[in-house]
Amino acid sequence: MTRYSFWAKVRPAMTLPLDVLAQRAKGDGLLARFGRDLDLALIVGDGDLDWLVEIERGVVARVTRGPLIMPRSDLRMRAASETWARFLEPVPPPGYHDLFAMRRYRRIQIEGDIRLMSAYLFYIKRLFELLRPREAGA
Amino acid sequence: MNAARAQVEPIVGRYLNLELLGRPHRLYVEEAGQGIPLLCLHTAGSDTRQWRGMMNDAELLRDFRVIAFDMPWHGKSSPPAGWQSEAYRLTASDYSAMTLAVADALALDKPVVMGCSIGGRIALVFAIECPERFRAIIGLQSGATIDPYYELTWLHHPSVHGGEASAAYVSGLMAPTSPATERWETLWHYMQGGPGIFKGDLYFYRGADGDIRERLAGIDTKRCPLYLLTGEYDYSVSPQDTQLAADRIAGVKFSVMPRLGHFPMSENPALFLSYLKPVLAEIKARG
């Protein structure tokens with residue numbers, strides 16, 4: 001057991017390129033169609049690293065890299081970095097290719113406002129798809 | 001207007017008026033082709049359009065009369081009179097009785113029956129209960145039960161668009177390699193589903209009523225050949241789930257379909273036909 005290190009928590013390994021999400025989301029037709037009137041504070045857990053993705057009126061307004069200090073959130077989706085790495089493959093393997101596939105095999109934790117998630121599930125799934133290399137600039 | 005470029009598909013649709021479960025119903029039925037009757041059953045919450053690829057395949061239509069109907073409450077079939085005061089819930093016995101009644105009404109002579117998902121489950125029920133009615137049985141995405149991994153509440157709730165939610169819930173069941181046009185066509189059918197219908201179908205699929213694990217050993221494939229095909233990307237009925245069922249059935253022919261998911265005939269019709277045609281050729285050769 002190693003001693004808790006504040007510095008180790010500052011820059012944990014990162015798999016999901018959430019720092020480019022806002023840029024990739026700009027002008028995406030699918031997000032525009034399915035994001036009508038959506039306000040959402042989404043925490044995405046990538047291993048030990050949490051991100052806060054804030055959606056306002058269907059637009060990715062802010063993406064904040066953790067550590068997060070007591071953030072308000074509507075929905076939290078967390079998986080191991082190794083799981084996200086497989087999800088991000090251009091042709092992901094069965095069981096890693098979709099958020100619900102990962103849920104089916106207990107590879108992702110989904111908690112929070114499930115009503116809101118259900119109403120905007122196409123939008124939320126699209127956010128994650130945009131993180132795949134092949135979706136960049138598509 | 002360029003009439004020369006317009007194409008009329010070989011599919012013909014008609015309405016069938018008949019009594020089902022003791023009540024009058026008006027069902028939409030469509031078909032194409034000639035020869036061995038092949039009765040196709042759509043998935044939960046969808047309709048006959050899932051079979052459009054098969055019904056437009058000229059080679060297949062030379063030997064098979066492909067027939068599909070929208071279940072009551074689905075597609076262009078109406079719910080029965082009085083529906084506004086009822087909650088729709090499919091049961092195994094109702095699903096079986098309705099399908100057999102339609103086959104009788106159309107005077108189908110020992111058809112091949114092929115169902116997908118809930119249709120794949122009821123195909124197994126037919127193999128257990130009435131194999132003599134069929135020339136062969138084909139189950140797509142067939143399992144004896146399923147492991148629930150999501151909550152059904154939001155599929156039919158006044159504050160959520162049930163069509164969009166249902167479509168989004170099933171969207172990942174398709175292979176990422178399936179063509180986007182066919183995947184989104186498949187999802188459109190879900191978005192158009194009647195309120196609460198997908199959830200009502202899942203009553204059969206997820207409940208104790210539809211759990212047939214303990215009945216599988218009673219299937220005698222000598223009385224009727226049984227084929228099971230499952231797409232590798234399906235996580236609702238995964239290849240492992242179908243394998244668990246197949247392990248209990250002597251003589252069953254099971255194969256996994258790479259690069260397909262839960263809606264093989266609709267998400268990638270061309271690829272699906274490449275897996276299905278050898279099965280149909282075998283059935284045809286048996287006479």
# chains A, B, ... in the order shown; residues from 1 in each chain; ligands from 1
>>> residues_around(residues="Val91 in chain A", least_positions_apart="2", cutoff="7 Å", atoms="only C-alpha atoms", output="PyMOL selection string")
(chain A and resi 89+93) or (chain B and resi 176)
>>> write_last_selection(atoms="N, CA and C atoms", output="PDB file, in the first residue's frame")
ATOM      1  N   GLU A  89     -11.308   1.639 -30.297  1.00  0.00           N
ATOM      2  CA  GLU A  89     -10.743   1.042 -31.503  1.00  0.00           C
ATOM      3  C   GLU A  89     -11.635   1.340 -32.709  1.00  0.00           C
ATOM      4  N   PRO A  93     -14.226  -4.478 -30.565  1.00  0.00           N
ATOM      5  CA  PRO A  93     -14.689  -5.866 -30.495  1.00  0.00           C
ATOM      6  C   PRO A  93     -16.068  -5.958 -29.855  1.00  0.00           C
TER       7      PRO A  93
ATOM      8  N   PRO B 176     -20.985  -2.569 -35.569  1.00  0.00           N
ATOM      9  CA  PRO B 176     -20.515  -1.257 -36.025  1.00  0.00           C
ATOM     10  C   PRO B 176     -20.119  -1.250 -37.496  1.00  0.00           C
TER      11      PRO B 176
END
>>> interface_residues(of="chain B", to="chain A", cutoff="9 Å", atoms="only C-alpha atoms", output="VMD selection string")
chain B and resid 147 to 151 153 to 155 159 to 162 164 to 173 175 to 177 232 to 236
>>> residues_around(residues="Arg57 in chain A", least_positions_apart="6", cutoff="9 Å", atoms="only C-alpha atoms", output="JSON, numbers by chain")
{"A": [35, 36, 37, 38, 39, 40]}
>>> write_last_selection(atoms="N, CA and C atoms", output="mmCIF file, in the first residue's frame")
data_model
loop_
_atom_site.group_PDB
_atom_site.id
_atom_site.type_symbol
_atom_site.label_atom_id
_atom_site.label_comp_id
_atom_site.auth_asym_id
_atom_site.auth_seq_id
_atom_site.Cartn_x
_atom_site.Cartn_y
_atom_site.Cartn_z
ATOM 1 N N GLY A 35 -30.193 16.468 -29.653
ATOM 2 C CA GLY A 35 -29.866 17.205 -28.427
ATOM 3 C C GLY A 35 -30.804 18.358 -28.117
ATOM 4 N N ARG A 36 -31.948 18.359 -28.764
ATOM 5 C CA ARG A 36 -32.881 19.462 -28.572
ATOM 6 C C ARG A 36 -33.174 19.702 -27.083
ATOM 7 N N ASP A 37 -32.924 20.929 -26.628
ATOM 8 C CA ASP A 37 -33.279 21.369 -25.268
ATOM 9 C C ASP A 37 -32.550 20.608 -24.161
ATOM 10 N N LEU A 38 -31.415 20.017 -24.485
ATOM 11 C CA LEU A 38 -30.712 19.235 -23.456
ATOM 12 C C LEU A 38 -29.795 20.108 -22.600
ATOM 13 N N ASP A 39 -29.989 20.026 -21.298
ATOM 14 C CA ASP A 39 -29.028 20.552 -20.324
ATOM 15 C C ASP A 39 -28.567 19.366 -19.492
ATOM 16 N N LEU A 40 -27.268 19.151 -19.443
ATOM 17 C CA LEU A 40 -26.768 17.942 -18.800
ATOM 18 C C LEU A 40 -25.371 18.180 -18.220
#
>>> select_by_dssp(residues="chain A", states="alpha helix (DSSP H)", output="MDAnalysis selection string")
chainID A and resid 6:10 21:25 29:34 81:87 99:104 114:119 121:129
>>> select_by_dssp(residues="range 86-254 of chain B", states="strand (DSSP E)", output="list of chain:residue names")
B:Val112, B:Val113, B:Met114, B:Gly115, B:Cys116, B:Ala136, B:Ile137, B:Ile138, B:Gly139, B:Leu140, B:Leu226, B:Tyr227, B:Leu228, B:Leu229, B:Thr230, B:Gly231, B:Lys253, B:Phe254
>>> residues_around(residues="Leu271 in chain B", least_positions_apart="3", cutoff="9 Å", atoms="only C-alpha atoms", output="VMD selection string")
chain B and resid 178 259 to 260 264 to 265 268 274 to 276
>>> residues_around(residues="range 44-61 of chain B", least_positions_apart="5", cutoff="7 Å", atoms="only C-alpha atoms", output="PyMOL selection string")
chain B and resi 9-11+32-34+66+68-70+74-75+118+186+189-190+193+197-198+201-202+265-266+269
>>> closest_residue(among="A:Gly112, A:Pro67, A:Gly27, A:Gly47", to="Trp84 in chain A", atoms="only C-alpha atoms")
A:Gly47
>>> residues_around(residues="Thr230 in chain B", least_positions_apart="4", cutoff="7 Å", atoms="only C-alpha atoms", output="PyMOL selection string")
chain B and resi 140-141+239+255-257
>>> write_last_selection(atoms="N, CA and C atoms", output="PDB file, in the first residue's frame")
ATOM      1  N   LEU B 140     -33.146 -16.851 -35.421  1.00  0.00           N
ATOM      2  CA  LEU B 140     -32.087 -15.841 -35.471  1.00  0.00           C
ATOM      3  C   LEU B 140     -32.021 -15.170 -34.111  1.00  0.00           C
ATOM      4  N   GLN B 141     -30.849 -15.041 -33.572  1.00  0.00           N
ATOM      5  CA  GLN B 141     -30.654 -14.428 -32.256  1.00  0.00           C
ATOM      6  C   GLN B 141     -31.560 -15.125 -31.229  1.00  0.00           C
ATOM      7  N   PRO B 239     -23.708 -14.834 -28.937  1.00  0.00           N
ATOM      8  CA  PRO B 239     -23.401 -16.193 -29.415  1.00  0.00           C
ATOM      9  C   PRO B 239     -23.288 -17.196 -28.263  1.00  0.00           C
ATOM     10  N   SER B 255     -24.751 -21.741 -35.914  1.00  0.00           N
ATOM     11  CA  SER B 255     -23.544 -21.060 -36.386  1.00  0.00           C
ATOM     12  C   SER B 255     -23.584 -19.583 -36.016  1.00  0.00           C
ATOM     13  N   VAL B 256     -22.421 -19.039 -35.792  1.00  0.00           N
ATOM     14  CA  VAL B 256     -22.262 -17.625 -35.465  1.00  0.00           C
ATOM     15  C   VAL B 256     -22.063 -16.849 -36.767  1.00  0.00           C
ATOM     16  N   MET B 257     -22.681 -15.690 -36.839  1.00  0.00           N
ATOM     17  CA  MET B 257     -22.547 -14.844 -38.035  1.00  0.00           C
ATOM     18  C   MET B 257     -21.614 -13.674 -37.718  1.00  0.00           C
TER      19      MET B 257
END
>>> closest_residue(among="B:Met174, B:Val252, B:Leu90, B:Ala208", to="Trp73 in chain B", atoms="only C-alpha atoms")
B:Leu90
>>> closest_residue(among="B:Leu244, B:Ala81, B:Gly13, B:Leu229", to="Leu273 in chain B", atoms="only C-alpha atoms")
B:Leu229
>>> atom_distance(atom1="CA of Thr242 in chain B", atom2="CA of Cys224 in chain B")
18.6 Å
